[in-house]
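Asker: My structure is in coords01.cif, and what it holds is mmCIF, C-alpha atoms:
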data_run
loop_
_atom_site.group_PDB
_atom_site.id
_atom_site.type_symbol
_atom_site.label_atom_id
_atom_site.label_comp_id
_atom_site.auth_asym_id
_atom_site.auth_seq_id
_atom_site.Cartn_x
_atom_site.Cartn_y
_atom_site.Cartn_z
ATOM 1 C CA GLN A 1 19.582 129.202 56.857
ATOM 2 C CA GLN A 2 16.000 129.057 58.030
ATOM 3 C CA GLN A 3 16.254 125.414 59.049
ATOM 4 C CA VAL A 4 16.329 124.104 62.589
ATOM 5 C CA LYS A 5 17.916 120.682 62.944
ATOM 6 C CA GLN A 6 16.802 118.375 65.730
ATOM 7 C CA SER A 7 18.139 115.078 67.009
ATOM 8 C CA PRO A 8 17.549 112.327 67.781
ATOM 9 C CA GLN A 9 14.473 111.486 65.750
ATOM 10 C CA SER A 10 13.340 109.096 68.471
ATOM 11 C CA LEU A 11 14.498 108.393 71.979
ATOM 12 C CA ILE A 12 13.806 105.628 74.467
ATOM 13 C CA VAL A 13 14.631 106.261 78.101
ATOM 14 C CA GLN A 14 14.056 104.281 81.267
ATOM 15 C CA LYS A 15 11.911 105.804 83.980
ATOM 16 C CA GLY A 16 14.035 108.031 86.167
ATOM 17 C CA GLY A 17 16.632 108.621 83.469
ATOM 18 C CA ILE A 18 17.625 111.811 81.716
ATOM 19 C CA SER A 19 16.223 112.587 78.266
ATOM 20 C CA ILE A 20 18.313 114.897 76.103
ATOM 21 C CA ILE A 21 17.167 116.396 72.821
ATOM 22 C CA ASN A 22 19.414 118.644 70.768
ATOM 23 C CA CYS A 23 18.708 121.387 68.255
ATOM 24 C CA ALA A 24 20.887 123.551 66.043
ATOM 25 C CA TYR A 25 20.175 126.632 63.960
ATOM 26 C CA GLU A 26 21.972 128.837 61.463
ATOM 27 C CA ASN A 27 20.131 132.135 61.392
ATOM 28 C CA THR A 28 21.767 134.548 63.821
ATOM 29 C CA ALA A 29 18.624 136.681 63.766
ATOM 30 C CA PHE A 30 16.859 134.044 65.870
ATOM 31 C CA ASP A 31 16.618 135.182 69.452
ATOM 32 C CA TYR A 32 13.768 133.186 70.908
ATOM 33 C CA PHE A 33 13.901 129.410 71.342
ATOM 34 C CA PRO A 34 10.822 127.596 72.654
ATOM 35 C CA TRP A 35 10.224 123.906 73.140
ATOM 36 C CA TYR A 36 6.814 122.379 72.575
ATOM 37 C CA GLN A 37 5.394 119.087 73.822
ATOM 38 C CA GLN A 38 2.766 117.293 71.787
ATOM 39 C CA PHE A 39 0.715 114.277 72.803
ATOM 40 C CA PRO A 40 -0.996 112.172 70.103
ATOM 41 C CA GLY A 41 -4.123 113.818 68.770
ATOM 42 C CA LYS A 42 -3.448 117.076 70.600
ATOM 43 C CA GLY A 43 -1.991 120.430 69.659
ATOM 44 C CA PRO A 44 1.553 121.334 70.752
ATOM 45 C CA ALA A 45 1.855 122.970 74.158
ATOM 46 C CA LEU A 46 4.585 125.398 75.134
ATOM 47 C CA LEU A 47 6.909 123.676 77.581
ATOM 48 C CA ILE A 48 9.779 126.068 78.191
ATOM 49 C CA ALA A 49 11.581 128.788 76.249
ATOM 50 C CA ILE A 50 14.859 130.682 76.382
ATOM 51 C CA ARG A 51 16.424 133.824 74.991
ATOM 52 C CA PRO A 52 20.158 134.172 74.172
ATOM 53 C CA ASP A 53 20.923 136.402 77.143
ATOM 54 C CA VAL A 54 21.061 133.337 79.413
ATOM 55 C CA SER A 55 22.842 130.024 78.960
ATOM 56 C CA GLU A 56 20.419 127.912 80.936
ATOM 57 C CA LYS A 57 16.829 127.989 82.091
ATOM 58 C CA LYS A 58 15.211 125.504 84.421
ATOM 59 C CA GLU A 59 11.555 124.885 85.133
ATOM 60 C CA GLY A 60 10.916 121.898 87.320
ATOM 61 C CA ARG A 61 12.353 118.806 85.681
ATOM 62 C CA PHE A 62 12.873 120.602 82.356
ATOM 63 C CA THR A 63 16.056 122.503 81.546
ATOM 64 C CA ILE A 64 17.126 124.305 78.383
ATOM 65 C CA SER A 65 20.842 124.703 77.778
ATOM 66 C CA PHE A 66 21.823 127.331 75.227
ATOM 67 C CA ASN A 67 25.175 127.742 73.482
ATOM 68 C CA LYS A 68 25.086 130.952 71.480
ATOM 69 C CA SER A 69 28.519 130.600 69.887
ATOM 70 C CA ALA A 70 27.736 127.087 68.663
ATOM 71 C CA LYS A 71 24.160 128.036 67.752
ATOM 72 C CA GLN A 72 22.857 125.047 69.607
ATOM 73 C CA PHE A 73 20.314 124.483 72.323
ATOM 74 C CA SER A 74 19.073 121.405 74.077
ATOM 75 C CA LEU A 75 16.253 120.181 76.276
ATOM 76 C CA HIS A 76 17.033 118.044 79.294
ATOM 77 C CA ILE A 77 14.264 116.176 81.066
ATOM 78 C CA MET A 78 15.419 115.008 84.460
ATOM 79 C CA ASP A 79 13.833 112.025 86.238
ATOM 80 C CA SER A 80 11.921 111.152 83.065
ATOM 81 C CA GLN A 81 8.463 109.698 83.645
ATOM 82 C CA PRO A 82 6.179 107.594 81.417
ATOM 83 C CA GLY A 83 3.851 110.600 81.303
ATOM 84 C CA ASP A 84 6.617 112.517 79.506
ATOM 85 C CA SER A 85 6.250 110.197 76.519
ATOM 86 C CA ALA A 86 5.353 112.572 73.698
ATOM 87 C CA THR A 87 6.801 114.297 70.668
ATOM 88 C CA TYR A 88 8.986 117.298 71.400
ATOM 89 C CA PHE A 89 9.567 120.112 68.930
ATOM 90 C CA CYS A 90 12.198 122.787 69.234
ATOM 91 C CA ALA A 91 11.643 126.074 67.459
ATOM 92 C CA ALA A 92 13.404 129.330 66.742
ATOM 93 C CA SER A 93 12.219 132.802 65.874
ATOM 94 C CA PRO A 94 13.318 136.374 65.658
ATOM 95 C CA THR A 95 11.460 138.578 68.105
ATOM 96 C CA PHE A 96 9.181 140.210 65.627
ATOM 97 C CA TYR A 97 5.436 140.085 65.870
ATOM 98 C CA GLY A 98 3.934 138.319 62.919
ATOM 99 C CA GLN A 99 6.931 136.164 62.188
ATOM 100 C CA ASN A 100 6.421 132.454 62.184
ATOM 101 C CA PHE A 101 8.573 130.100 64.139
ATOM 102 C CA VAL A 102 10.880 127.644 62.414
ATOM 103 C CA PHE A 103 10.220 124.227 63.892
ATOM 104 C CA GLY A 104 12.513 121.266 64.145
ATOM 105 C CA PRO A 105 11.276 117.929 62.780
ATOM 106 C CA GLY A 106 10.443 116.603 66.232
ATOM 107 C CA THR A 107 11.690 113.890 68.594
ATOM 108 C CA ARG A 108 9.460 111.053 69.723
ATOM 109 C CA LEU A 109 10.275 110.277 73.329
ATOM 110 C CA SER A 110 9.226 107.030 74.957
ATOM 111 C CA VAL A 111 9.854 106.628 78.663
ATOM 112 C CA LEU A 112 9.671 102.998 79.727
ATOM 113 C CA PRO A 113 8.121 102.187 83.114
ATOM 114 C CA GLY B 114 -4.305 132.294 80.347
ATOM 115 C CA ALA B 115 -3.327 132.167 76.650
ATOM 116 C CA VAL B 116 -5.859 129.564 75.594
ATOM 117 C CA VAL B 117 -6.584 128.837 71.948
ATOM 118 C CA SER B 118 -9.620 126.824 71.006
ATOM 119 C CA GLN B 119 -10.511 125.082 67.782
ATOM 120 C CA HIS B 120 -13.860 123.885 66.573
ATOM 121 C CA PRO B 121 -14.715 121.266 65.608
ATOM 122 C CA SER B 122 -12.208 118.868 67.119
ATOM 123 C CA ARG B 123 -13.117 116.180 64.642
ATOM 124 C CA VAL B 124 -15.038 116.238 61.385
ATOM 125 C CA ILE B 125 -15.923 113.612 58.818
ATOM 126 C CA CYS B 126 -17.290 114.755 55.492
ATOM 127 C CA LYS B 127 -18.005 113.482 52.030
ATOM 128 C CA SER B 128 -15.742 114.236 49.104
ATOM 129 C CA GLY B 129 -16.668 117.489 47.402
ATOM 130 C CA THR B 130 -18.068 119.239 50.447
ATOM 131 C CA SER B 131 -16.558 122.237 52.213
ATOM 132 C CA VAL B 132 -15.496 122.268 55.832
ATOM 133 C CA LYS B 133 -14.926 125.284 58.061
ATOM 134 C CA ILE B 134 -12.599 125.178 61.051
ATOM 135 C CA GLU B 135 -12.638 127.956 63.624
ATOM 136 C CA CYS B 136 -9.696 129.089 65.710
ATOM 137 C CA ARG B 137 -10.256 131.414 68.647
ATOM 138 C CA SER B 138 -7.907 133.021 71.144
ATOM 139 C CA LEU B 139 -10.042 132.965 74.285
ATOM 140 C CA ASP B 140 -8.272 135.323 76.638
ATOM 141 C CA PHE B 141 -5.905 137.380 74.555
ATOM 142 C CA GLN B 142 -5.746 139.238 71.290
ATOM 143 C CA ALA B 143 -3.788 137.833 68.411
ATOM 144 C CA THR B 144 -2.922 139.995 65.466
ATOM 145 C CA THR B 145 -1.309 136.979 63.841
ATOM 146 C CA MET B 146 -2.610 133.453 63.590
ATOM 147 C CA PHE B 147 -1.000 130.540 61.824
ATOM 148 C CA TRP B 148 -2.513 127.465 60.239
ATOM 149 C CA TYR B 149 -0.608 124.200 60.157
ATOM 150 C CA ARG B 150 -1.174 120.790 58.739
ATOM 151 C CA GLN B 151 0.321 117.732 60.366
ATOM 152 C CA PHE B 152 0.521 114.244 58.928
ATOM 153 C CA PRO B 153 0.935 111.255 61.258
ATOM 154 C CA LYS B 154 4.290 111.180 63.008
ATOM 155 C CA GLN B 155 5.506 114.238 61.139
ATOM 156 C CA SER B 156 6.346 117.789 62.027
ATOM 157 C CA LEU B 157 4.150 120.829 61.651
ATOM 158 C CA MET B 158 3.761 122.125 58.112
ATOM 159 C CA LEU B 159 2.913 125.796 57.968
ATOM 160 C CA MET B 160 0.109 126.451 55.510
ATOM 161 C CA ALA B 161 -0.509 130.146 55.928
ATOM 162 C CA THR B 162 -0.033 133.176 58.119
ATOM 163 C CA SER B 163 -3.142 135.167 58.873
ATOM 164 C CA ASN B 164 -3.095 138.782 59.984
ATOM 165 C CA GLU B 165 -6.213 140.459 61.279
ATOM 166 C CA GLY B 166 -7.895 142.559 58.653
ATOM 167 C CA SER B 167 -5.651 141.571 55.779
ATOM 168 C CA LYS B 168 -5.231 138.751 53.323
ATOM 169 C CA ALA B 169 -3.485 135.617 54.474
ATOM 170 C CA THR B 170 -0.001 134.812 53.281
ATOM 171 C CA TYR B 171 0.206 131.280 51.960
ATOM 172 C CA GLU B 172 3.248 129.055 51.924
ATOM 173 C CA GLN B 173 4.547 127.771 48.641
ATOM 174 C CA GLY B 174 2.518 124.878 47.337
ATOM 175 C CA VAL B 175 -0.603 125.670 49.367
ATOM 176 C CA GLU B 176 -3.609 126.443 47.176
ATOM 177 C CA LYS B 177 -5.186 129.636 48.440
ATOM 178 C CA ASP B 178 -8.406 128.958 46.549
ATOM 179 C CA LYS B 179 -8.750 125.599 48.230
ATOM 180 C CA PHE B 180 -7.796 126.638 51.736
ATOM 181 C CA LEU B 181 -9.651 129.873 52.416
ATOM 182 C CA ILE B 182 -8.531 131.781 55.464
ATOM 183 C CA ASN B 183 -10.389 134.624 57.081
ATOM 184 C CA HIS B 184 -9.089 136.567 60.074
ATOM 185 C CA ALA B 185 -12.037 138.769 60.841
ATOM 186 C CA SER B 186 -11.139 139.839 64.345
ATOM 187 C CA LEU B 187 -8.303 139.824 66.839
ATOM 188 C CA THR B 188 -9.662 136.633 68.371
ATOM 189 C CA LEU B 189 -11.006 134.620 65.445
ATOM 190 C CA SER B 190 -9.560 133.056 62.329
ATOM 191 C CA THR B 191 -11.268 130.493 60.135
ATOM 192 C CA LEU B 192 -9.924 127.946 57.677
ATOM 193 C CA THR B 193 -12.322 126.622 55.050
ATOM 194 C CA VAL B 194 -11.304 123.566 53.099
ATOM 195 C CA THR B 195 -13.280 123.872 49.893
ATOM 196 C CA SER B 196 -14.316 120.880 47.802
ATOM 197 C CA ALA B 197 -12.499 118.546 50.137
ATOM 198 C CA HIS B 198 -10.988 115.334 48.823
ATOM 199 C CA PRO B 199 -9.580 112.298 50.653
ATOM 200 C CA GLU B 200 -6.037 113.614 50.251
ATOM 201 C CA ASP B 201 -7.058 116.622 52.356
ATOM 202 C CA SER B 202 -7.597 114.322 55.325
ATOM 203 C CA SER B 203 -5.171 115.473 57.977
ATOM 204 C CA PHE B 204 -4.747 117.070 61.382
ATOM 205 C CA TYR B 205 -5.137 120.846 61.127
ATOM 206 C CA ILE B 206 -3.766 122.997 63.921
ATOM 207 C CA CYS B 207 -3.955 126.727 64.406
ATOM 208 C CA SER B 208 -1.801 128.897 66.598
ATOM 209 C CA ALA B 209 -2.007 132.468 67.768
ATOM 210 C CA ARG B 210 0.829 134.791 68.498
ATOM 211 C CA ALA B 211 0.162 137.078 71.445
ATOM 212 C CA ALA B 212 -0.057 140.738 70.531
ATOM 213 C CA LEU B 213 -0.256 142.441 73.894
ATOM 214 C CA ALA B 214 2.701 143.924 75.688
ATOM 215 C CA GLY B 215 3.458 142.046 78.857
ATOM 216 C CA MET B 216 2.513 138.691 77.407
ATOM 217 C CA THR B 217 5.097 136.155 76.454
ATOM 218 C CA ASP B 218 5.805 136.578 72.782
ATOM 219 C CA THR B 219 5.201 133.067 71.694
ATOM 220 C CA GLN B 220 2.788 130.933 69.760
ATOM 221 C CA TYR B 221 -0.084 129.281 71.553
ATOM 222 C CA PHE B 222 -1.529 126.307 69.755
ATOM 223 C CA GLY B 223 -5.073 125.106 69.498
ATOM 224 C CA PRO B 224 -5.951 121.459 70.206
ATOM 225 C CA GLY B 225 -6.215 120.622 66.507
ATOM 226 C CA THR B 226 -8.975 119.408 64.200
ATOM 227 C CA ARG B 227 -8.949 115.943 62.719
ATOM 228 C CA LEU B 228 -10.451 116.073 59.226
ATOM 229 C CA THR B 229 -11.433 112.864 57.490
ATOM 230 C CA VAL B 230 -12.760 113.094 53.948
ATOM 231 C CA LEU B 231 -14.550 109.986 52.737
#
Do you think you could lay out the structure here as structure tokens?

Answerer:
Amino acid sequence: QQQVKQSPQSLIVQKGGISIINCAYENTAFDYFPWYQQFPGKGPALLIAIRPDVSEKKEGRFTISFNKSAKQFSLHIMDSQPGDSATYFCAASPTFYGQNFVFGPGTRLSVLP
Amino acid sequence: GAVVSQHPSRVICKSGTSVKIECRSLDFQATTMFWYRQFPKQSLMLMATSNEGSKATYEQGVEKDKFLINHASLTLSTLTVTSAHPEDSSFYICSARAALAGMTDTQYFGPGTRLTVL
């Protein structure tokens, strides 16, 4: 119940295309869903996050879609660029200070020039 | 804002020595810090949760006597790998969860420390 599933494991997209990464969770106590971007040899960086009171959040080329009833959320990267090539982790957490996040296994995105 | 630093960024040591890694929240207070280990092309493995002023909570399978964690202040946590062996070679990442009202309740990660034990 604590697990967060993430797919695909790896993704190859042409420059200018749309990258879509999906995550699913079971624990209904989760109410905060961030996405992190990690480049090789670097720590993860917060990219965008959403709470269940909205179904979509957009920041620049990055959009989170959230389906509360299905317990699924996804990251869409519009106009994907080679510089977006990185590993993306979804995560989920209850809003409770001190609680760790449950991370998905990650998706390695490669955007071809 | 919300910057987390780690020091050192890279360390090479001989087998049997101890290595200390520092994690600092530079512009915010963090009552909770987390330590992760990451193997190449794998996800983040939580090692322990560190609360300021109290003992760290270790995940199952993590040796607390080998990985000593100290969270002495609201801005500093340290991880000491004692008697390091080659199998301890890994990428260690800390994160800090913001404690102040008005800040986004999320985890901010440090840049990581690459440990190589010869």

Asker: For a quick check of understanding, using all atoms listed in the file, which of B:Ile125, B:Ala143, B:Val194, B:Ala185 has the smallest distance to chain A?

Answerer: B:Ala143

Asker: Tell me as a list in words which residues belonging to chain B come within 6 Å of chain A, counting only C-alpha atoms.

Answerer: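 The contacting residues on chain B are Thr145, Ser156, Phe222, Gly223, Pro224 and Gly225 of chain B.
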
Asker: Closest to Pro199 in chain B among B:Val117, B:Ser163, B:Val230, B:Pro153, using all atoms listed in the file?

Answerer: B:Val230

Asker: Let me make sure I understand: among A:Leu11, A:Ile18, A:Ile64, A:Ala24, which one has the smallest atom-to-atom distance to Ala92 in chain A if we use only C-alpha atoms?

Answerer: A:Ala24

Asker: Quick one: residues within 9 Å of Leu139 in chain B, only C-alpha atoms counted, chain neighbours fewer than 4 positions away excluded, as a PyMOL selection string?

Answerer: chain B and resi 114-118+188

Asker: Give me the residues near Ile21 in chain A as number ranges by chain, where near means some atom within 7 Å (using all atoms listed in the file) and where sequence neighbours in that chain fewer than 3 positions away do not count.

Answerer: A: 7-8, 74-76

Asker: Got time to write the residues from that selection, C-alpha atoms, as a compact mmCIF listing (two decimals), in the coordinates of the input?

Answerer:
# COMPACT_ATOMS: atom_id res chain seq x y z
CA SER A 7 18.14 115.08 67.01
CA PRO A 8 17.55 112.33 67.78
CA SER A 74 19.07 121.40 74.08
CA LEU A 75 16.25 120.18 76.28
CA HIS A 76 17.03 118.04 79.29

Asker: Run through the PyMOL selection byres ((chain B and resi 206) around 10) on the given coordinates and return the selected residues as a list in words.

Answerer: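 This file, filtered by the PyMOL selection byres ((chain B and resi 206) around 10), leaves Lys42, Gly43 and Pro44 of chain A; Ser118, Gln119, Ser122, Ile134, Cys136, Phe147, Trp148, Tyr149, Arg150, Gln151, Leu157, Met158, Leu159, Met160, Ser203, Phe204, Tyr205, Cys207, Ser208, Phe222, Gly223, Pro224, Gly225, Thr226 and Arg227 of chain B.
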
Asker: Show me, as a PDB file with C-alpha atoms, in the frame of the given file, the residues that have an atom within 6 Å of range 170-184 of chain B when counting all atoms listed in the file, minus same-chain residues fewer than 3 positions from it.

Answerer:
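Here's the written file out.pdb:
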ATOM      1  CA  MET B 160       0.109 126.451  55.510  1.00  0.00           C
ATOM      2  CA  ALA B 161      -0.509 130.146  55.928  1.00  0.00           C
ATOM      3  CA  THR B 162      -0.033 133.176  58.119  1.00  0.00           C
ATOM      4  CA  GLU B 165      -6.213 140.459  61.279  1.00  0.00           C
ATOM      5  CA  SER B 190      -9.560 133.056  62.329  1.00  0.00           C
ATOM      6  CA  THR B 191     -11.268 130.493  60.135  1.00  0.00           C
ATOM      7  CA  LEU B 192      -9.924 127.946  57.677  1.00  0.00           C
ATOM      8  CA  THR B 193     -12.322 126.622  55.050  1.00  0.00           C
ATOM      9  CA  VAL B 194     -11.304 123.566  53.099  1.00  0.00           C
ATOM     10  CA  THR B 195     -13.280 123.872  49.893  1.00  0.00           C
TER      11      THR B 195
END

Asker: Report as a list in words all protein, DNA and RNA residues lying within 9 Å of Lys68 in chain A, evaluated on all atoms listed in the file, omitting residues in the same chain fewer than 6 positions from it.

Answerer: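 Close residues of Lys68 in chain A: Pro52, Asp53 and Ser55 of chain A.
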
Asker: Could you jot down the CA of Ala29 in chain A to CA of Ser10 in chain A separation for me, Å, one decimal place?

Answerer: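 About the pair CA of Ala29 in chain A and CA of Ser10 in chain A: they are 28.5 Å apart.
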
Asker: Let me know the residues the PyMOL selection byres ((chain A and resi 26) around 12) catches in the file above, as a count of residues only.

Answerer: 22

Asker: Give the answer as one residue: which of A:Gln37, A:Asn22, A:Gln9, A:Ser110 has the shortest atom-to-atom distance to Ser85 in chain A, using only C-alpha atoms?

Answerer: A:Ser110

Asker: On this structure, the PyMOL selection byres ((chain A and resi 77) around 7) would catch which residues? List them as a PyMOL selection string, sorted by chain and number.

Answerer: chain A and resi 18-20+61-63+75-76+78-80

Asker: When you draw a straight line from CA of Ala211 in chain B to CA of Leu109 in chain A, how long is it in Å?

Answerer: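 Atom-to-atom, CA of Ala211 in chain B to CA of Leu109 in chain A, that is 28.7 Å.
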
Asker: To one decimal in Å, tell me the separation between CA of Lys154 in chain B and CA of Glu135 in chain B.

Answerer: 23.8 Å

Asker: Closest to Gln220 in chain B among B:Phe141, B:Ala197, B:Lys133, B:Pro121, using all atoms listed in the file?

Answerer: B:Phe141

Asker: Could you give me range 142-163 of chain B completed to N, CA and C atoms, formatted as a PDB file, keeping the file's coordinate frame?

Answerer:
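After the write, part14.pdb holds the following:
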ATOM      1  N   GLN B 142      -5.592 138.824  72.673  1.00  0.00           N
ATOM      2  CA  GLN B 142      -5.746 139.238  71.290  1.00  0.00           C
ATOM      3  C   GLN B 142      -4.553 138.785  70.469  1.00  0.00           C
ATOM      4  N   ALA B 143      -4.838 138.356  69.273  1.00  0.00           N
ATOM      5  CA  ALA B 143      -3.788 137.833  68.411  1.00  0.00           C
ATOM      6  C   ALA B 143      -3.868 138.502  67.053  1.00  0.00           C
ATOM      7  N   THR B 144      -2.923 139.369  66.783  1.00  0.00           N
ATOM      8  CA  THR B 144      -2.922 139.995  65.466  1.00  0.00           C
ATOM      9  C   THR B 144      -2.501 138.992  64.402  1.00  0.00           C
ATOM     10  N   THR B 145      -1.784 137.975  64.804  1.00  0.00           N
ATOM     11  CA  THR B 145      -1.309 136.979  63.841  1.00  0.00           C
ATOM     12  C   THR B 145      -1.716 135.586  64.282  1.00  0.00           C
ATOM     13  N   MET B 146      -2.300 134.863  63.356  1.00  0.00           N
ATOM     14  CA  MET B 146      -2.610 133.453  63.590  1.00  0.00           C
ATOM     15  C   MET B 146      -1.983 132.637  62.469  1.00  0.00           C
ATOM     16  N   PHE B 147      -1.635 131.423  62.784  1.00  0.00           N
ATOM     17  CA  PHE B 147      -1.000 130.540  61.824  1.00  0.00           C
ATOM     18  C   PHE B 147      -1.824 129.263  61.690  1.00  0.00           C
ATOM     19  N   TRP B 148      -1.842 128.741  60.483  1.00  0.00           N
ATOM     20  CA  TRP B 148      -2.513 127.465  60.239  1.00  0.00           C
ATOM     21  C   TRP B 148      -1.472 126.442  59.780  1.00  0.00           C
ATOM     22  N   TYR B 149      -1.530 125.279  60.448  1.00  0.00           N
ATOM     23  CA  TYR B 149      -0.608 124.200  60.157  1.00  0.00           C
ATOM     24  C   TYR B 149      -1.386 122.946  59.760  1.00  0.00           C
ATOM     25  N   ARG B 150      -0.662 122.112  59.066  1.00  0.00           N
ATOM     26  CA  ARG B 150      -1.174 120.790  58.739  1.00  0.00           C
ATOM     27  C   ARG B 150      -0.127 119.792  59.252  1.00  0.00           C
ATOM     28  N   GLN B 151      -0.610 118.716  59.828  1.00  0.00           N
ATOM     29  CA  GLN B 151       0.321 117.732  60.366  1.00  0.00           C
ATOM     30  C   GLN B 151      -0.108 116.339  59.969  1.00  0.00           C
ATOM     31  N   PHE B 152       0.774 115.629  59.274  1.00  0.00           N
ATOM     32  CA  PHE B 152       0.521 114.244  58.928  1.00  0.00           C
ATOM     33  C   PHE B 152       1.046 113.367  60.056  1.00  0.00           C
ATOM     34  N   PRO B 153       0.540 112.137  60.152  1.00  0.00           N
ATOM     35  CA  PRO B 153       0.935 111.255  61.258  1.00  0.00           C
ATOM     36  C   PRO B 153       2.446 111.142  61.412  1.00  0.00           C
ATOM     37  N   LYS B 154       2.890 111.337  62.619  1.00  0.00           N
ATOM     38  CA  LYS B 154       4.290 111.180  63.008  1.00  0.00           C
ATOM     39  C   LYS B 154       5.214 112.128  62.249  1.00  0.00           C
ATOM     40  N   GLN B 155       4.683 113.256  61.815  1.00  0.00           N
ATOM     41  CA  GLN B 155       5.506 114.238  61.139  1.00  0.00           C
ATOM     42  C   GLN B 155       5.433 115.583  61.843  1.00  0.00           C
ATOM     43  N   SER B 156       6.294 116.472  61.406  1.00  0.00           N
ATOM     44  CA  SER B 156       6.346 117.789  62.027  1.00  0.00           C
ATOM     45  C   SER B 156       5.206 118.663  61.522  1.00  0.00           C
ATOM     46  N   LEU B 157       5.177 119.864  62.030  1.00  0.00           N
ATOM     47  CA  LEU B 157       4.150 120.829  61.651  1.00  0.00           C
ATOM     48  C   LEU B 157       4.513 121.458  60.315  1.00  0.00           C
ATOM     49  N   MET B 158       3.551 121.480  59.406  1.00  0.00           N
ATOM     50  CA  MET B 158       3.761 122.125  58.112  1.00  0.00           C
ATOM     51  C   MET B 158       2.954 123.407  58.072  1.00  0.00           C
ATOM     52  N   LEU B 159       3.620 124.528  58.019  1.00  0.00           N
ATOM     53  CA  LEU B 159       2.913 125.796  57.968  1.00  0.00           C
ATOM     54  C   LEU B 159       2.185 125.923  56.643  1.00  0.00           C
ATOM     55  N   MET B 160       0.908 126.245  56.721  1.00  0.00           N
ATOM     56  CA  MET B 160       0.109 126.451  55.510  1.00  0.00           C
ATOM     57  C   MET B 160       0.012 127.940  55.169  1.00  0.00           C
ATOM     58  N   ALA B 161      -0.286 128.730  56.189  1.00  0.00           N
ATOM     59  CA  ALA B 161      -0.509 130.146  55.928  1.00  0.00           C
ATOM     60  C   ALA B 161      -0.392 130.953  57.204  1.00  0.00           C
ATOM     61  N   THR B 162      -0.083 132.215  57.031  1.00  0.00           N
ATOM     62  CA  THR B 162      -0.033 133.176  58.119  1.00  0.00           C
ATOM     63  C   THR B 162      -1.178 134.153  57.913  1.00  0.00           C
ATOM     64  N   SER B 163      -1.931 134.365  58.971  1.00  0.00           N
ATOM     65  CA  SER B 163      -3.142 135.167  58.873  1.00  0.00           C
ATOM     66  C   SER B 163      -3.041 136.379  59.782  1.00  0.00           C
TER      67      SER B 163
END
